[in-house]
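K.L.:
For reference, this is protein-v3.txt, and it has compact mmCIF, C-alpha atoms.
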```txt
# COMPACT_ATOMS: atom_id res chain seq x y z
CA MET A 1 84.09 110.99 101.78
CA THR A 2 87.14 111.62 99.59
CA GLY A 3 89.31 108.58 100.37
CA ARG A 4 90.62 106.56 97.45
CA PHE A 5 90.96 102.91 96.50
CA VAL A 6 93.75 101.29 94.51
CA VAL A 7 92.67 97.91 93.09
CA VAL A 8 95.46 95.56 92.04
CA GLY A 9 94.62 92.58 89.85
CA MET A 10 96.84 89.60 90.56
CA GLY A 11 97.29 86.32 88.70
CA ALA A 12 97.69 82.89 90.26
CA ASP A 13 101.47 83.38 90.17
CA GLY A 14 101.10 86.26 92.62
CA TRP A 15 103.77 88.94 92.87
CA GLU A 16 105.43 87.79 89.63
CA SER A 17 102.28 88.62 87.63
CA LEU A 18 102.28 92.29 88.64
CA SER A 19 103.57 95.19 86.57
CA PRO A 20 106.35 97.36 88.04
CA THR A 21 103.78 100.12 88.61
CA ALA A 22 101.47 97.80 90.56
CA ARG A 23 104.39 96.53 92.67
CA ARG A 24 105.52 100.04 93.56
CA SER A 25 101.97 100.94 94.55
CA LEU A 26 101.73 97.95 96.92
CA GLU A 27 105.17 98.61 98.34
CA ALA A 28 103.95 102.08 99.38
CA ALA A 29 100.58 100.83 100.69
CA THR A 30 99.52 101.16 104.33
CA ASP A 31 96.38 98.96 104.24
CA VAL A 32 95.70 96.02 101.90
CA TYR A 33 92.45 94.07 101.75
CA GLY A 34 91.95 90.79 99.93
CA SER A 35 91.15 87.12 100.32
CA ALA A 36 93.43 85.13 102.59
CA ARG A 37 94.80 83.33 99.52
CA GLN A 38 95.64 86.60 97.77
CA LEU A 39 97.21 88.17 100.85
CA ASP A 40 99.46 85.13 101.25
CA LEU A 41 100.87 85.79 97.77
CA LEU A 42 102.37 89.12 98.87
CA PRO A 43 106.06 89.27 99.87
CA ALA A 44 106.75 88.86 103.57
CA ASP A 45 108.64 92.16 103.74
CA LEU A 46 105.65 94.22 102.58
CA THR A 47 104.90 96.61 105.46
CA ALA A 48 101.17 97.21 104.88
CA VAL A 49 98.54 95.95 107.32
CA ARG A 50 96.83 92.97 105.66
CA THR A 51 93.10 92.45 106.27
CA PRO A 52 91.21 89.43 104.88
CA TRP A 53 87.61 89.88 103.77
CA ARG A 54 84.88 88.92 106.18
CA SER A 55 81.96 86.89 104.89
CA PRO A 56 79.88 88.00 103.12
CA MET A 57 82.54 89.95 101.25
CA SER A 58 79.97 92.26 99.59
CA GLU A 59 78.88 93.62 102.98
CA HIS A 60 82.47 94.07 104.17
CA LEU A 61 83.34 95.91 100.94
CA ALA A 62 80.31 98.20 101.24
CA SER A 63 81.20 98.98 104.87
CA LEU A 64 84.79 99.76 103.89
CA ALA A 65 83.69 102.00 101.02
CA ALA A 66 81.45 103.99 103.36
CA SER A 67 84.09 104.41 106.06
CA ILE A 68 87.24 105.74 104.40
CA GLY A 69 87.68 109.44 103.79
CA GLY A 70 90.11 112.33 103.79
CA ALA A 71 93.55 111.36 102.55
CA ASP A 72 93.05 107.63 103.18
CA VAL A 73 94.25 105.30 100.42
CA VAL A 74 93.22 101.65 100.69
CA HIS A 75 94.64 98.93 98.44
CA VAL A 76 92.43 96.03 97.41
CA LEU A 77 93.64 92.80 95.81
CA ALA A 78 91.64 91.20 93.01
CA SER A 79 91.96 88.17 90.77
CA GLY A 80 93.10 88.94 87.23
CA ASP A 81 91.19 91.85 85.72
CA PRO A 82 89.35 93.67 88.56
CA MET A 83 86.88 95.19 86.07
CA PHE A 84 85.74 91.82 84.69
CA HIS A 85 83.22 90.32 87.15
CA GLY A 86 85.56 91.68 89.82
CA VAL A 87 85.88 93.85 92.91
CA GLY A 88 87.03 96.84 90.84
CA ALA A 89 83.64 97.07 89.14
CA SER A 90 81.91 96.70 92.52
CA LEU A 91 83.94 99.56 94.01
CA VAL A 92 83.24 101.85 91.07
CA ARG A 93 79.50 101.26 91.60
CA LEU A 94 79.89 102.08 95.30
CA VAL A 95 82.13 105.18 95.22
CA GLY A 96 82.40 106.27 91.58
CA PRO A 97 85.26 106.03 89.08
CA ASP A 98 87.06 109.15 90.33
CA ARG A 99 87.95 107.43 93.60
CA VAL A 100 89.22 104.15 92.13
CA THR A 101 92.55 103.42 90.43
CA VAL A 102 92.87 100.00 88.81
CA HIS A 103 95.99 97.99 87.92
CA SER A 104 94.87 95.02 85.81
CA SER A 105 96.34 91.62 85.07
CA PRO A 106 94.98 89.24 82.39
CA SER A 107 91.60 87.80 83.38
CA SER A 108 91.08 84.05 83.73
CA VAL A 109 88.93 84.26 80.61
CA SER A 110 91.76 85.84 78.61
CA LEU A 111 94.16 83.16 79.82
CA ALA A 112 91.68 80.39 79.01
CA ALA A 113 91.09 81.73 75.49
CA ALA A 114 94.86 81.90 74.95
CA ARG A 115 95.31 78.27 76.02
CA LEU A 116 92.40 77.06 73.87
CA GLY A 117 93.02 79.26 70.84
CA TRP A 118 89.44 80.58 71.05
CA ASP A 119 88.43 83.99 69.71
CA LEU A 120 86.82 85.87 72.58
CA VAL A 121 84.72 87.92 70.16
CA SER A 122 82.68 84.83 69.28
CA THR A 123 82.75 83.22 72.75
CA MET A 124 80.03 83.70 75.36
CA VAL A 125 81.23 84.22 78.93
CA VAL A 126 78.86 83.08 81.69
CA SER A 127 79.54 83.62 85.39
CA LEU A 128 78.31 80.97 87.83
CA VAL A 129 80.22 82.52 90.74
CA THR A 130 76.95 83.63 92.32
CA ALA A 131 74.34 82.50 89.75
CA PRO A 132 72.79 78.99 89.74
CA VAL A 133 74.12 76.48 87.22
CA GLU A 134 70.74 76.54 85.41
CA THR A 135 71.68 80.02 84.14
CA LEU A 136 73.85 78.23 81.58
CA ALA A 137 70.75 76.77 79.88
CA LEU A 138 69.94 80.13 78.27
CA HIS A 139 73.18 80.05 76.27
CA LEU A 140 73.20 76.44 75.07
CA THR A 141 72.85 75.82 71.34
CA ASP A 142 74.69 73.69 68.83
CA GLY A 143 78.02 75.22 67.83
CA ALA A 144 78.21 77.74 70.67
CA ARG A 145 81.42 78.15 72.63
CA LEU A 146 81.08 79.06 76.29
CA LEU A 147 83.61 80.02 78.95
CA VAL A 148 82.12 79.47 82.39
CA LEU A 149 83.48 81.17 85.50
CA SER A 150 83.17 78.57 88.26
CA ARG A 151 82.09 79.11 91.84
CA ASP A 152 84.38 76.33 93.12
CA GLY A 153 85.67 72.87 92.34
CA SER A 154 82.15 71.38 92.19
CA THR A 155 81.03 73.58 89.29
CA PRO A 156 82.42 71.46 86.40
CA ALA A 157 80.48 68.38 87.53
CA GLN A 158 77.31 70.47 87.84
CA VAL A 159 77.86 71.86 84.34
CA ALA A 160 78.32 68.33 82.95
CA GLU A 161 75.09 67.15 84.62
CA LEU A 162 73.14 70.10 83.18
CA LEU A 163 74.54 69.47 79.70
CA ARG A 164 73.49 65.82 79.86
CA SER A 165 69.99 66.67 81.06
CA LEU A 166 69.40 69.14 78.19
CA GLY A 167 70.66 66.97 75.34
CA PHE A 168 74.20 68.38 75.17
CA GLY A 169 76.01 65.33 76.56
CA SER A 170 78.22 65.08 73.45
CA SER A 171 79.69 68.52 74.15
CA GLU A 172 83.41 68.73 74.81
CA MET A 173 84.34 70.19 78.20
CA THR A 174 87.74 71.55 79.13
CA VAL A 175 88.47 72.50 82.72
CA LEU A 176 91.38 74.90 83.12
CA GLY A 177 92.57 75.06 86.72
CA ASP A 178 94.89 77.50 88.50
CA LEU A 179 95.52 79.41 85.27
CA GLY A 180 98.84 81.22 85.25
CA GLY A 181 100.13 79.48 88.37
CA VAL A 182 102.72 76.78 88.85
CA ALA A 183 99.96 74.21 89.43
CA GLU A 184 98.09 75.06 86.19
CA HIS A 185 96.55 72.04 84.51
CA VAL A 186 94.01 71.34 81.81
CA VAL A 187 91.59 68.38 81.59
CA THR A 188 89.36 67.68 78.57
CA GLY A 189 86.49 65.21 78.16
CA ARG A 190 82.88 64.76 77.04
CA ALA A 191 80.05 65.93 79.28
CA ASP A 192 78.25 62.57 79.16
CA VAL A 193 81.22 60.75 80.73
CA TRP A 194 82.63 63.54 82.85
CA ASN A 195 83.79 62.41 86.30
CA ASP A 196 86.95 64.43 86.97
CA GLY A 197 87.44 66.65 89.99
CA ALA A 198 88.66 70.23 89.72
CA PRO A 199 90.61 72.75 91.78
CA ALA A 200 88.72 75.55 93.47
CA LEU A 201 89.98 78.10 90.93
CA ASN A 202 88.87 76.98 87.49
CA VAL A 203 87.24 77.99 84.24
CA VAL A 204 85.08 75.56 82.26
CA ALA A 205 85.15 75.73 78.47
CA VAL A 206 82.18 74.15 76.69
CA ASP A 207 82.15 73.43 72.95
CA CYS A 208 78.43 72.81 72.52
CA VAL A 209 77.16 69.80 70.56
CA GLY A 210 73.40 69.31 70.70
CA PRO A 211 70.13 70.76 69.45
CA ALA A 212 70.03 74.12 67.68
CA VAL A 213 68.06 76.37 70.03
CA SER A 214 66.54 79.58 68.66
CA ARG A 215 66.20 82.76 70.72
CA ALA A 216 63.20 83.89 68.66
CA PRO A 217 60.05 84.24 70.79
CA GLY A 218 57.45 81.54 70.40
CA LEU A 219 58.85 78.37 71.95
CA PRO A 220 56.64 75.27 71.64
CA ASP A 221 53.95 75.14 74.31
CA SER A 222 55.43 71.86 75.58
CA HIS A 223 58.48 73.78 76.86
CA PHE A 224 56.38 75.23 79.71
CA ALA A 225 54.82 73.22 82.51
CA ASN A 226 51.28 74.57 82.96
CA ASP A 227 47.75 73.82 84.12
CA GLY A 228 46.16 75.33 81.01
CA GLN A 229 46.91 78.96 81.92
CA LEU A 230 49.38 79.45 79.10
CA THR A 231 49.59 82.06 76.36
CA LYS A 232 49.79 79.83 73.30
CA GLN A 233 52.78 79.86 70.99
CA PRO A 234 51.58 82.15 68.14
CA ILE A 235 50.04 84.73 70.49
CA ARG A 236 53.09 84.53 72.76
CA ALA A 237 55.44 85.32 69.88
CA LEU A 238 53.28 88.29 68.88
CA THR A 239 53.01 89.52 72.47
CA VAL A 240 56.73 89.37 73.29
CA SER A 241 57.46 91.21 70.04
CA ALA A 242 54.90 93.89 70.95
CA LEU A 243 56.58 94.32 74.36
CA ALA A 244 59.83 95.28 72.53
CA PRO A 245 62.43 93.71 74.89
CA ALA A 246 65.49 95.92 75.42
CA GLU A 247 68.60 95.52 77.58
CA GLY A 248 68.39 96.75 81.15
CA ARG A 249 64.59 97.01 81.13
CA LEU A 250 62.17 95.79 83.80
CA LEU A 251 58.92 94.03 82.83
CA TRP A 252 55.87 93.51 84.99
CA ASP A 253 54.07 90.29 84.02
CA VAL A 254 50.64 90.70 85.61
CA GLY A 255 48.63 87.49 85.87
CA ALA A 256 51.69 85.44 85.02
CA GLY A 257 50.09 81.99 84.85
CA SER A 258 52.88 79.63 83.72
CA GLY A 259 55.29 82.56 83.33
CA SER A 260 55.78 82.04 79.60
CA ILE A 261 55.59 85.72 78.57
CA GLY A 262 58.10 86.92 81.16
CA ILE A 263 60.42 83.99 80.48
CA GLU A 264 60.43 84.57 76.73
CA TRP A 265 61.05 88.29 77.34
CA LEU A 266 64.12 87.41 79.43
CA ARG A 267 65.42 84.93 76.85
CA GLN A 268 65.89 87.86 74.45
CA LEU A 269 68.11 89.74 76.91
CA ARG A 270 71.23 89.45 79.04
CA THR A 271 70.37 92.20 81.53
CA GLY A 272 66.57 92.49 81.66
CA ARG A 273 64.48 91.63 84.73
CA VAL A 274 60.90 90.49 85.30
CA VAL A 275 58.64 90.99 88.30
CA ALA A 276 55.72 88.58 87.93
CA PHE A 277 52.40 88.79 89.77
CA GLU A 278 50.28 85.68 90.31
CA SER A 279 47.61 85.11 92.97
CA ASP A 280 47.52 81.30 92.61
CA THR A 281 50.42 79.93 94.67
CA ASP A 282 50.60 76.66 92.73
CA ARG A 283 50.83 78.50 89.43
CA ALA A 284 53.41 80.87 90.90
CA ALA A 285 55.58 77.89 91.88
CA VAL A 286 55.26 76.40 88.40
CA ALA A 287 56.18 79.73 86.78
CA MET A 288 59.27 80.02 88.96
CA ALA A 289 60.29 76.46 88.09
CA ASN A 290 59.81 77.23 84.39
CA ALA A 291 62.02 80.32 84.71
CA CYS A 292 64.79 78.32 86.38
CA ARG A 293 64.61 75.56 83.77
CA HIS A 294 65.01 78.11 80.98
CA GLY A 295 68.05 79.69 82.64
CA VAL A 296 66.47 82.99 83.68
CA GLY A 297 65.41 82.23 87.26
CA ASN A 298 68.06 84.58 88.71
CA ARG A 299 66.37 87.51 86.91
CA TYR A 300 62.77 86.47 87.60
CA GLU A 301 60.96 87.60 90.76
CA MET A 302 57.55 86.30 91.78
CA ARG A 303 55.06 88.32 93.85
CA GLY A 304 51.42 87.88 94.81
CA GLY A 305 48.30 88.84 92.88
CA ALA A 306 47.37 92.20 91.40
CA PRO A 307 46.43 94.89 92.14
CA ALA A 308 47.38 94.51 95.84
CA SER A 309 50.93 93.28 95.22
CA LEU A 310 51.72 96.01 92.69
CA ASP A 311 52.32 98.49 95.52
CA GLY A 312 56.02 98.79 96.31
CA ALA A 313 57.20 96.91 93.22
CA PRO A 314 60.00 98.61 91.24
CA THR A 315 58.87 100.98 88.47
CA PRO A 316 58.37 99.03 85.24
CA ASP A 317 59.66 99.94 81.79
CA ALA A 318 57.08 97.61 80.26
CA VAL A 319 53.91 95.92 81.48
CA PHE A 320 52.08 92.86 80.20
CA ILE A 321 48.61 92.06 81.51
CA GLY A 322 47.19 88.63 80.76
CA GLY A 323 45.15 86.90 83.44
CA GLY A 324 43.02 88.62 86.07
CA MET A 325 42.46 91.82 84.14
CA THR A 326 40.16 94.36 85.81
CA ALA A 327 39.74 98.11 85.54
CA ASP A 328 41.64 98.49 88.83
CA VAL A 329 44.54 96.39 87.57
CA LEU A 330 44.74 98.35 84.30
CA ASP A 331 44.62 101.67 86.12
CA ALA A 332 47.25 100.66 88.69
CA ALA A 333 49.60 99.24 86.04
CA TRP A 334 49.30 102.32 83.82
CA SER A 335 49.91 104.64 86.79
CA ALA A 336 53.03 102.68 87.77
CA LEU A 337 54.48 102.53 84.25
CA ARG A 338 57.27 105.04 83.67
CA VAL A 339 56.74 107.78 81.09
CA GLY A 340 57.90 106.40 77.77
CA GLY A 341 57.17 102.85 78.90
CA ARG A 342 55.07 100.34 76.97
CA ILE A 343 51.97 98.40 78.00
CA VAL A 344 50.54 95.34 76.25
CA ALA A 345 47.31 93.67 77.37
CA ASN A 346 45.53 90.63 75.94
CA ALA A 347 41.79 90.00 76.31
CA VAL A 348 39.71 86.93 75.43
CA THR A 349 36.32 87.79 76.98
CA ILE A 350 33.79 90.43 75.99
CA GLU A 351 34.18 92.07 79.40
CA THR A 352 37.96 92.41 79.16
CA GLU A 353 37.72 93.44 75.49
CA ARG A 354 35.51 96.31 76.61
CA LEU A 355 38.15 97.37 79.14
CA LEU A 356 40.81 97.51 76.41
CA VAL A 357 38.56 99.46 74.04
CA GLU A 358 37.97 102.02 76.80
CA ALA A 359 41.71 102.14 77.61
CA ALA A 360 42.59 102.75 73.98
CA GLY A 361 39.99 105.51 73.80
CA ALA A 362 41.42 107.21 76.88
CA ARG A 363 45.12 106.66 76.29
CA GLY A 364 45.57 105.95 72.61
CA GLY A 365 47.69 103.12 71.27
CA ASP A 366 46.76 100.29 68.94
CA LEU A 367 44.07 97.65 69.12
CA ILE A 368 44.34 94.46 67.09
CA ARG A 369 42.25 91.29 67.00
CA VAL A 370 44.05 88.04 66.30
CA SER A 371 42.49 84.71 65.43
CA VAL A 372 44.54 81.54 65.04
CA GLU A 373 43.31 78.31 63.49
CA ARG A 374 45.08 74.96 63.45
CA ALA A 375 44.55 72.05 61.12
CA ALA A 376 43.17 69.04 62.99
CA PRO A 377 41.50 65.72 62.11
CA LEU A 378 37.78 65.74 61.37
CA GLY A 379 36.73 62.15 60.86
CA ARG A 380 38.84 60.92 57.94
CA SER A 381 39.50 64.44 56.76
CA THR A 382 41.21 67.56 58.11
CA ALA A 383 39.57 70.81 59.15
CA TRP A 384 40.54 74.11 60.72
CA ARG A 385 40.02 74.34 64.49
CA PRO A 386 39.83 77.99 65.63
CA ALA A 387 41.17 79.08 68.99
CA LEU A 388 39.52 81.88 70.93
CA PRO A 389 40.38 85.22 69.28
CA ILE A 390 42.60 87.62 71.20
CA VAL A 391 42.17 91.39 71.41
CA GLN A 392 45.49 93.08 72.10
CA TRP A 393 46.05 96.66 73.21
CA THR A 394 49.52 98.20 72.89
CA ALA A 395 50.34 101.72 74.02
CA VAL A 396 53.28 103.90 75.00
CA LYS A 397 52.76 106.13 78.02
CA GLU A 398 53.21 109.76 77.07
CA SER A 399 52.17 111.29 80.41
CA GLY A 400 51.87 110.33 84.04
CA ALA A 401 48.06 110.38 84.16
CA GLY A 402 46.03 107.33 85.19
CA LEU A 403 43.37 105.62 83.09
CA SER A 404 40.43 107.18 84.83
```
Step by step, read the file and then write its structure as structure tokens.
P.N.:
Amino acid sequence: MTGRFVVVGMGADGWESLSPTARRSLEAATDVYGSARQLDLLPADLTAVRTPWRSPMSEHLASLAASIGGADVVHVLASGDPMFHGVGASLVRLVGPDRVTVHSSPSSVSLAAARLGWDLVSTMVVSLVTAPVETLALHLTDGARLLVLSRDGSTPAQVAELLRSLGFGSSEMTVLGDLGGVAEHVVTGRADVWNDGAPALNVVAVDCVGPAVSRAPGLPDSHFANDGQLTKQPIRALTVSALAPAEGRLLWDVGAGSGSIGIEWLRQLRTGRVVAFESDTDRAAVAMANACRHGVGNRYEMRGGAPASLDGAPTPDAVFIGGGMTADVLDAAWSALRVGGRIVANAVTIETERLLVEAAGARGGDLIRVSVERAAPLGRSTAWRPALPIVQWTAVKESGAGLS
């Protein structure tokens, strides 16, 4: 296939927002694809065949990308900047940059920042176009400024409800609708009293007022619903640090329990993913609920127990093994781990400690033993209460061999 795509970003004011170059390109076009709203913004005398996207648009776009070839040139309309959460970026992923020409207009985020006087360098942009509203929870902390790309007119009310539920009801919300168009309007109010409607095309600006939330690993244990199967706060902080979270990486959380390790891994990242393995269906449901509550549910996938459910899972860049450790699980996880990947395993019993000692002997890495004690009442006095010590093995895979 050698056909090409020309992607034209268009503002809410339609034809008037386009550069002379973009207009000339559309005037010479033979086929133009876009939403019905975007196609209606084109001049009536444009001769190109206009085709609205079928639903789901992603499937229609993929089919189109696979079908054009030769000297075909297809024009695609986009909103604002096609390379910012837009169809231009999707097309480049499908056919490569050499087959895509992009004519950009200002994005809705750029227009919103201009209206608000916000510096985009220090503003977090969060898209809820396809992600659940709970995704916003990951980015909430006192003093943060967020620009939220809405799915539709119901998004602002959902954002206000989430802010209230998480202690950010005093935050100022500004909804900017139909930016750049003749119907543009701006509404501002507090999240705890928000009851305004919104147009379908809108951006929500949130000036956060509420608790200061740290991204450092080691959240209080009370932040995770659990039935006792929870890696406690100090060990969790140590474990997530040992796993060395990095953008774009995939973690296997084997024996996930409440999901706390995988969730804290994802809280460090914008692009990481977790595949969790848990044989207990009730615990799996709790872990998934915990992930959603912490704003990472859209990057958290739950599967069944190990080792059976490890087959067919995507290759991990890092592996954590907590509950349900056996020699078979260790061997399967090590075999699946990519070369250069990192494994961390925690043991609390003599039997699992022995497995980690043998693994370290066969594959190298570091073994540490950690004991944590907490001050607690003892009669009228205070004494140290020790928790079960943890043996932790950390290793980087230097070859593709298994454990045995």
K.L.:
Hey, what's within 7 Å of Leu138 (chain A) if we count only C-alpha atoms and toss same-chain stuff fewer than 5 positions away? As an MDAnalysis selection string, please?
P.N.:
chainID A and resid 267 294:295
K.L.:
Between A:Ala216, A:Ala318, A:Ala237, A:Ala225, single out the one closest to Ala276 (chain A), counting all atoms listed in the file.
P.N.:
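Closest candidate: A:Ala318.
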K.L.:
Write out as a PyMOL selection string each polymer residue whose atoms come within 9 Å of Gly88 (chain A), counting all atoms listed in the file; drop sequence neighbours fewer than 5 positions from it.
P.N.:
chain A and resi 6-9+76+78+81-83+93+100-102
K.L.:
Measuring between all atoms listed in the file, which one of A:Arg249, A:Leu179, A:Leu42, A:Arg145 shows the shortest distance to Asp119 (chain A)?
P.N.:
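Nearest to Asp119 (chain A): A:Arg145.
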K.L.:
Between A:Gly322, A:Gly180, A:Gly14, A:Gly297, which is the closest to Ser108 (chain A) once you count only C-alpha atoms?
P.N.:
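Among A:Gly322, A:Gly180, A:Gly14, A:Gly297, it is A:Gly180 that comes nearest to Ser108 (chain A).
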K.L.:
For region 40-124 of chain A against region 171-175 of chain A, with a cut-off of 12 Å and counting all atoms listed in the file, what is the closest atom pair and its distance in Å to one decimal for every residue that makes the cut, ordered by chain and number, as a Markdown table?
P.N.:
```
| residue | atom | partner | partner_atom | distance |
| --- | --- | --- | --- | --- |
| A:Ser108 | CA | A:Val175 | CA | 11.9 |
| A:Val109 | CA | A:Val175 | CA | 12.0 |
| A:Ala112 | CA | A:Val175 | CA | 9.3 |
| A:Ala113 | CA | A:Thr174 | CA | 11.3 |
| A:Arg115 | CA | A:Thr174 | CA | 10.6 |
| A:Leu116 | CA | A:Thr174 | CA | 8.9 |
```
K.L.:
With distances taken over all atoms listed in the file, which residue among A:Val203, A:Met57, A:Ala198, A:Ile263 lies nearest Leu111 (chain A)?
P.N.:
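Looking at the shortest contact to Leu111 (chain A), the residue is A:Val203.
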K.L.:
As an exercise, work out the distance from CA of Val204 (chain A) to CA of Met10 (chain A) in Å and give it to one decimal place.
P.N.:
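Between CA of Val204 (chain A) and CA of Met10 (chain A) the gap works out to 20.1 Å.
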K.L.:
Any idea what the distance is between CA of Thr51 (chain A) and CA of Ala28 (chain A)?
P.N.:
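Separation between CA of Thr51 (chain A) and CA of Ala28 (chain A): 16.1 Å.
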K.L.:
Rank A:Leu147, A:Val370, A:Met288, A:Ala360 by their smallest atom-to-atom distance to Arg236 (chain A), using all atoms listed in the file, and report the top residue only.
P.N.:
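With all atoms listed in the file as the atom set, the closest residue is A:Val370.
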